[in-house]
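Structure data follow from query.txt (compact mmCIF, C-alpha atoms):
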```txt
# COMPACT_ATOMS: atom_id res chain seq x y z
CA MET Y 29 0.00 0.00 0.00
CA ILE Y 30 1.45 3.32 -1.07
CA SER Y 31 0.82 6.54 0.78
CA PRO Y 32 -1.57 8.86 -1.09
CA ARG Y 33 1.12 11.47 -0.50
CA PHE Y 34 3.77 9.54 -2.40
CA PRO Y 35 3.31 11.66 -5.57
CA ILE Y 36 4.19 14.83 -3.65
CA PHE Y 37 7.29 13.06 -2.34
CA ALA Y 38 8.28 11.85 -5.81
CA ILE Y 39 7.79 15.23 -7.50
CA THR Y 40 9.57 17.12 -4.73
CA PHE Y 41 12.38 14.58 -4.71
CA ALA Y 42 12.99 15.00 -8.45
CA VAL Y 43 12.96 18.80 -8.26
CA ALA Y 44 15.06 19.06 -5.09
CA TYR Y 45 17.58 16.49 -6.28
CA ALA Y 46 18.18 18.32 -9.56
CA VAL Y 47 18.61 21.68 -7.84
CA ILE Y 48 20.81 20.34 -5.02
CA TYR Y 49 22.88 18.35 -7.50
CA VAL Y 50 23.80 21.37 -9.62
CA ILE Y 51 24.66 23.37 -6.47
CA ALA Y 52 26.73 20.45 -5.15
CA VAL Y 53 28.66 20.25 -8.43
CA GLU Y 54 29.25 23.98 -8.63
CA GLN Y 55 30.27 24.38 -4.98
CA ASN Y 56 31.80 20.89 -4.70
CA TYR Y 57 29.63 19.74 -1.81
CA ALA Y 58 30.43 16.03 -1.92
CA LEU Y 59 29.48 13.78 1.00
CA ILE Y 60 32.24 11.37 -0.02
CA THR Y 61 35.39 11.54 -2.11
CA TYR Y 62 36.83 8.58 -3.97
CA HIS Y 63 40.53 8.28 -4.76
CA PRO Y 64 40.63 5.88 -7.73
CA VAL Y 65 44.37 5.20 -7.72
CA SER Y 66 44.42 4.04 -4.08
CA GLY Y 67 40.81 2.78 -4.14
CA GLN Y 68 40.11 4.79 -1.01
CA PHE Y 69 36.85 6.48 0.03
CA GLU Y 70 36.92 9.48 2.35
CA LEU Y 71 34.10 11.38 4.02
CA LEU Y 72 33.23 14.82 2.63
CA THR Y 73 35.32 16.71 0.09
CA THR Y 74 39.01 15.94 0.29
CA PRO Y 75 41.70 17.14 -2.13
CA PRO Y 76 43.62 14.89 -4.56
CA LYS Y 77 46.52 13.03 -2.97
CA GLY Y 78 49.13 14.72 -5.17
CA GLY Y 79 51.45 13.28 -7.77
CA GLY Y 80 48.79 13.60 -10.45
CA ARG Y 81 46.45 11.21 -8.66
CA PRO Y 82 42.89 12.50 -9.13
CA ALA Y 83 40.04 12.62 -6.63
CA MET Y 84 36.48 11.79 -7.75
CA TYR Y 85 33.56 13.74 -6.33
CA TRP Y 86 30.74 12.54 -8.60
CA TYR Y 87 29.60 9.81 -6.17
CA GLY Y 88 29.62 12.35 -3.37
CA TRP Y 89 27.52 14.83 -5.35
CA ILE Y 90 24.94 12.10 -6.04
CA LEU Y 91 24.84 11.21 -2.34
CA THR Y 92 24.51 14.87 -1.32
CA ALA Y 93 21.64 15.41 -3.77
CA GLY Y 94 19.94 12.10 -2.95
CA LEU Y 95 20.06 12.54 0.80
CA GLY Y 96 19.04 16.21 0.68
CA ALA Y 97 16.18 15.53 -1.72
CA PHE Y 98 14.99 12.59 0.35
CA VAL Y 99 14.68 14.76 3.47
CA ILE Y 100 12.97 17.58 1.54
CA GLY Y 101 10.63 15.03 -0.08
CA LEU Y 102 9.64 13.66 3.32
CA LEU Y 103 9.01 17.20 4.61
CA ALA Y 104 6.87 17.92 1.54
CA MET Y 105 4.61 15.02 2.51
CA LEU Y 106 3.62 17.02 5.61
CA VAL Y 107 2.10 19.95 3.70
CA PRO Y 108 -1.70 20.46 3.77
CA ASP Y 109 -3.92 18.71 1.21
CA HIS Y 110 -4.88 21.84 -0.69
CA TRP Y 111 -1.19 22.48 -1.43
CA VAL Y 112 -0.71 18.90 -2.62
CA LYS Y 113 -3.44 19.34 -5.25
CA ARG Y 114 -1.66 22.36 -6.67
CA VAL Y 115 1.59 20.52 -7.36
CA TRP Y 116 1.97 19.92 -11.10
CA PRO Y 117 3.44 16.46 -11.89
CA ALA Y 118 5.34 17.89 -14.89
CA TRP Y 119 7.69 19.72 -12.50
CA ALA Y 120 9.27 16.29 -11.94
CA TRP Y 121 10.86 16.44 -15.40
CA ILE Y 122 10.72 20.14 -16.32
CA ILE Y 123 13.03 21.29 -13.51
CA PRO Y 124 15.58 18.48 -14.12
CA LEU Y 125 15.46 19.36 -17.84
CA ALA Y 126 16.13 23.00 -16.96
CA VAL Y 127 19.11 21.85 -14.89
CA PHE Y 128 20.42 20.07 -18.00
CA GLY Y 129 20.40 23.48 -19.65
CA VAL Y 130 22.37 24.89 -16.73
CA PHE Y 131 24.98 22.16 -17.12
CA ALA Y 132 25.19 22.72 -20.87
CA TYR Y 133 25.87 26.39 -20.12
CA LEU Y 134 28.43 25.63 -17.40
CA LEU Y 135 30.31 23.24 -19.69
CA ARG Y 136 30.01 25.36 -22.84
CA ALA Y 137 33.75 26.11 -22.91
CA TYR Y 138 34.48 22.50 -23.91
CA PHE Y 139 32.32 22.85 -27.02
CA MET Y 140 33.80 26.18 -28.09
CA ARG Y 141 37.46 25.18 -28.21
CA MET Z 9 42.46 -4.95 -18.71
CA ALA Z 10 40.22 -7.90 -19.60
CA PHE Z 11 38.27 -7.27 -16.41
CA TRP Z 12 37.41 -3.67 -17.39
CA THR Z 13 36.66 -4.68 -20.97
CA THR Z 14 34.24 -7.32 -19.67
CA LEU Z 15 32.55 -4.76 -17.43
CA LEU Z 16 32.33 -2.34 -20.35
CA ILE Z 17 30.71 -4.98 -22.56
CA ILE Z 18 28.17 -5.83 -19.83
CA HIS Z 19 27.51 -2.10 -19.38
CA GLY Z 20 26.98 -1.78 -23.14
CA LEU Z 21 24.63 -4.77 -23.29
CA LEU Z 22 22.57 -3.42 -20.41
CA GLY Z 23 22.51 -0.06 -22.20
CA VAL Z 24 21.23 -1.63 -25.43
CA THR Z 25 18.49 -3.48 -23.54
CA LEU Z 26 17.50 -0.30 -21.72
CA LEU Z 27 17.55 1.64 -24.98
CA GLY Z 28 15.17 -0.86 -26.57
CA ALA Z 29 12.78 -0.86 -23.61
CA ILE Z 30 12.59 2.91 -23.15
CA THR Z 31 12.30 3.56 -26.90
CA HIS Z 32 9.42 1.08 -27.19
CA GLN Z 33 7.71 2.69 -24.23
CA THR Z 34 8.22 6.23 -25.51
CA VAL Z 35 6.80 5.39 -28.93
CA ALA Z 36 3.88 3.58 -27.30
CA VAL Z 37 3.09 6.52 -25.03
CA TRP Z 38 3.12 9.09 -27.86
CA LEU Z 39 1.61 6.96 -30.63
CA PRO Z 40 -0.57 4.34 -28.95
CA VAL Z 41 -2.21 1.78 -31.24
CA ARG Z 42 -5.76 0.78 -30.42
CA ALA Z 43 -6.50 -1.42 -33.43
CA ALA Z 44 -4.97 -4.84 -34.09
CA ALA Z 45 -1.26 -4.69 -34.91
CA GLY Z 46 -0.31 -5.17 -38.54
CA SER Z 47 3.00 -3.85 -39.85
CA PHE Z 48 6.31 -3.92 -38.00
CA VAL Z 49 5.98 -0.22 -37.16
CA THR Z 50 2.46 -0.70 -35.83
CA ARG Z 51 3.55 -3.66 -33.71
CA PHE Z 52 6.47 -1.55 -32.42
CA ARG Z 53 3.95 1.08 -31.28
CA ALA Z 54 1.46 -1.45 -29.95
CA VAL Z 55 3.40 -2.63 -26.89
CA SER Z 56 1.95 -2.09 -23.43
CA GLY Z 57 4.09 0.74 -22.06
CA GLN Z 58 3.09 -0.19 -18.54
CA SER Z 59 4.77 -3.58 -18.76
CA TYR Z 60 8.12 -1.87 -19.43
CA ALA Z 61 8.21 0.48 -16.45
CA VAL Z 62 9.75 -1.79 -13.80
CA ALA Z 63 12.18 -3.26 -16.35
CA VAL Z 64 13.26 0.26 -17.33
CA ILE Z 65 13.87 1.22 -13.68
CA VAL Z 66 15.87 -1.94 -12.93
CA LEU Z 67 17.89 -1.61 -16.16
CA TYR Z 68 18.51 2.11 -15.61
CA VAL Z 69 19.82 1.53 -12.09
CA LEU Z 70 21.94 -1.49 -13.10
CA THR Z 71 23.40 0.34 -16.11
CA ALA Z 72 24.16 3.39 -13.97
CA ILE Z 73 25.85 1.24 -11.31
CA MET Z 74 27.99 -0.48 -13.94
CA GLY Z 75 28.81 2.88 -15.48
CA ALA Z 76 29.74 4.30 -12.08
CA TRP Z 77 32.09 1.37 -11.52
CA ILE Z 78 33.76 1.71 -14.93
CA TYR Z 79 33.99 5.46 -14.35
CA THR Z 80 36.80 4.86 -11.82
CA ARG Z 81 38.89 3.34 -14.62
CA TYR Z 82 37.87 6.09 -17.06
CA ARG Z 83 39.02 8.73 -14.58
CA ILE Z 84 42.61 7.45 -14.39
CA GLY Z 85 43.00 6.29 -18.00
CA PRO Z 86 40.81 7.29 -20.95
CA ARG Z 87 39.96 10.70 -19.51
CA LEU Z 88 43.63 11.65 -19.38
CA THR Z 89 43.94 10.61 -23.04
CA LEU Z 90 41.03 12.88 -23.96
CA GLU Z 91 42.64 15.78 -22.10
CA GLN Z 92 46.17 15.23 -23.38
CA GLN Z 93 45.05 14.83 -26.99
CA GLY Z 94 42.62 17.73 -26.82
CA TYR Z 95 39.33 15.94 -27.49
CA TRP Z 96 37.48 18.71 -25.69
CA LYS Z 97 34.07 18.26 -27.30
CA THR Z 98 34.09 14.55 -26.47
CA PHE Z 99 35.32 15.37 -22.99
CA GLY Z 100 32.51 17.91 -22.48
CA ALA Z 101 29.89 15.59 -23.93
CA PHE Z 102 30.98 12.87 -21.51
CA GLU Z 103 30.89 15.28 -18.58
CA LEU Z 104 27.30 16.12 -19.57
CA LYS Z 105 26.47 12.42 -19.76
CA GLU Z 106 27.54 11.81 -16.18
CA HIS Z 107 25.38 14.70 -14.96
CA PHE Z 108 22.38 13.69 -17.09
CA VAL Z 109 22.51 10.10 -15.86
CA ALA Z 110 22.85 11.21 -12.22
CA ILE Z 111 19.83 13.51 -12.53
CA GLY Z 112 17.87 10.81 -14.34
CA LEU Z 113 18.00 8.76 -11.14
CA ALA Z 114 15.95 11.49 -9.45
CA VAL Z 115 12.91 11.08 -11.70
CA LEU Z 116 12.64 7.29 -11.25
CA PRO Z 117 10.28 7.44 -8.22
CA ALA Z 118 7.85 9.74 -10.10
CA TYR Z 119 8.21 7.65 -13.27
CA TRP Z 120 7.40 4.49 -11.30
CA TYR Z 121 4.40 6.10 -9.59
CA TYR Z 122 2.76 7.41 -12.77
CA TRP Z 123 3.18 4.07 -14.54
CA ARG Z 124 1.51 2.10 -11.72
CA LYS Z 125 -1.66 0.11 -12.39
CA PRO Z 126 -4.33 1.17 -12.96
CA LEU Z 127 -3.12 3.92 -15.27
CA SER Z 128 -4.85 7.21 -14.63
CA GLN Z 129 -5.92 9.10 -17.77
CA GLU Z 130 -5.38 12.42 -16.00
CA HIS Z 131 -1.65 11.61 -15.75
CA ASN Z 132 -1.08 10.81 -19.42
CA ALA Z 133 0.96 13.98 -19.86
CA ALA Z 134 3.11 13.25 -16.79
CA ARG Z 135 3.81 9.73 -18.08
CA ALA Z 136 4.68 11.02 -21.53
CA GLY Z 137 6.95 13.75 -20.14
CA LEU Z 138 8.82 11.52 -17.70
CA THR Z 139 9.24 8.70 -20.22
CA THR Z 140 10.49 11.03 -22.95
CA PHE Z 141 12.88 12.68 -20.50
CA LEU Z 142 14.37 9.30 -19.53
CA CYS Z 143 14.46 8.26 -23.20
CA PHE Z 144 16.51 11.36 -24.02
CA ILE Z 145 19.00 10.57 -21.23
CA VAL Z 146 19.38 6.97 -22.32
CA TRP Z 147 19.90 7.84 -26.00
CA TYR Z 148 22.34 10.63 -25.13
CA GLY Z 149 24.26 8.38 -22.73
CA PHE Z 150 24.40 5.54 -25.22
CA ILE Z 151 25.64 7.63 -28.14
CA VAL Z 152 28.19 9.63 -26.13
CA GLY Z 153 29.42 6.54 -24.29
CA HIS Z 154 29.84 4.70 -27.57
CA LEU Z 155 31.67 7.60 -29.24
CA THR Z 156 33.96 8.09 -26.24
CA ASN Z 157 34.78 4.40 -26.15
CA ASN Z 158 35.70 4.51 -29.84
CA ILE Z 159 37.59 7.81 -29.78
CA ARG Z 160 40.98 6.32 -30.50
CA GLY Z 161 39.52 4.61 -33.54
CA TYR Z 162 38.60 8.03 -34.95
CA ALA Z 163 42.05 9.53 -34.35
```

Render the structure in this file as structure tokens.
Amino acid sequence: MISPRFPIFAITFAVAYAVIYVIAVEQNYALITYHPVSGQFELLTTPPKGGGRPAMYWYGWILTAGLGAFVIGLLAMLVPDHWVKRVWPAWAWIIPLAVFGVFAYLLRAYFMR
Amino acid sequence: MAFWTTLLIIHGLLGVTLLGAITHQTVAVWLPVRAAAGSFVTRFRAVSGQSYAVAVIVLYVLTAIMGAWIYTRYRIGPRLTLEQQGYWKTFGAFELKEHFVAIGLAVLPAYWYYWRKPLSQEHNAARAGLTTFLCFIVWYGFIVGHLTNNIRGYA
């Protein structure tokens, strides 16, 4: 049995995740950092180990966005019924699509070289 | 090396399966067929989109997990090649792919909900939008992943 408020959670989750994700990427808010050469995970954002060994933040950005959106989605389930009815399901893909546009803009330098 | 090649092939096979499922579903949601299926194109459109939803979610998550695993190898090998040899458009396209796929994960709960039985007519537009959105991500990821994998062949 699914809560009748699940749609509000799902829509809010999609919107919040997309927004938090782009902020996390831009500000480098990663909950974990992976060092692929040593195979080591570290909590939060840590710098590369030096010697040309990279650090990977992508997993951390996903975790940051997922956890943040999950909490916001749960909070959204508490809003009154008349607010729930006003939430448009299309936000669940329109806002993430808009965030795609933001990323295309942020990465435009690669396509102009 | 054989280990990563094997993972890459599995990732590719999962991607092809996902591509087929989401494309079928997208066509079915935009061009549903209500009469008996005749030609190949009509049969392609005539599938029950609903029956694909769980498979699409499972395949999307599995393909993303495999991709995330292979990404560790990409980061310390092929990515450096792209940078050193100045394949900046490919590099940028791949960067976009990783962000698109990550954001695609966020719409899966809504996608699952709006494809649940019984289908509600009032949510036809939400289903169409979410399915098309995921279809775009999958096609983009597949093409860019394939091109990046073959980049040395184009040099």

Point (42.4, 9.6, -4.7) neighbourhood (9 Å, only C-alpha atoms) written as JSON, numbers by chain: {"Y": [61, 62, 63, 64, 65, 66, 67, 68, 69, 70, 74, 75, 76, 77, 78, 81, 82, 83, 84]}

Interface list for chain Y, partner chain Z, 6 Å threshold, only C-alpha atoms, as a PyMOL selection string: chain Y and resi 38+42+46+64+117-118+121+138-139

Point-to-point distance in Å for CA of Val53 (chain Y) and CA of Val99 (chain Y): 19.2 Å

Gap from CA of Val146 (chain Z) to CA of Tyr133 (chain Y) - Å, one decimal: 20.6 Å

Separation of CA of Ile90 (chain Y) from CA of Tyr68 (chain Z), in Å and rounded to one decimal: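 Calculated distance between CA of Ile90 (chain Y) and CA of Tyr68 (chain Z) is 15.3 Å.
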
Option closest in space to Glu130 (chain Z), from Y:Leu72, Y:Leu95, Y:Val47, Y:Trp116 [counting only C-alpha atoms]: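 Closest to Glu130 (chain Z) of all the choices is Y:Trp116.
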
Residues near Thr71 (chain Z), cut-off 8 Å, all atoms listed in the file, skip fewer than 2 positions along chain, as JSON, numbers by chain: {"Z": [19, 22, 23, 67, 68, 69, 73, 74, 75]}

Residue list as a PyMOL selection string for point (25.6, 12.2, -4.2), cut-off 9 Å, only C-alpha atoms: (chain Y and resi 49+52+57-60+85-95) or (chain Z and resi 110)
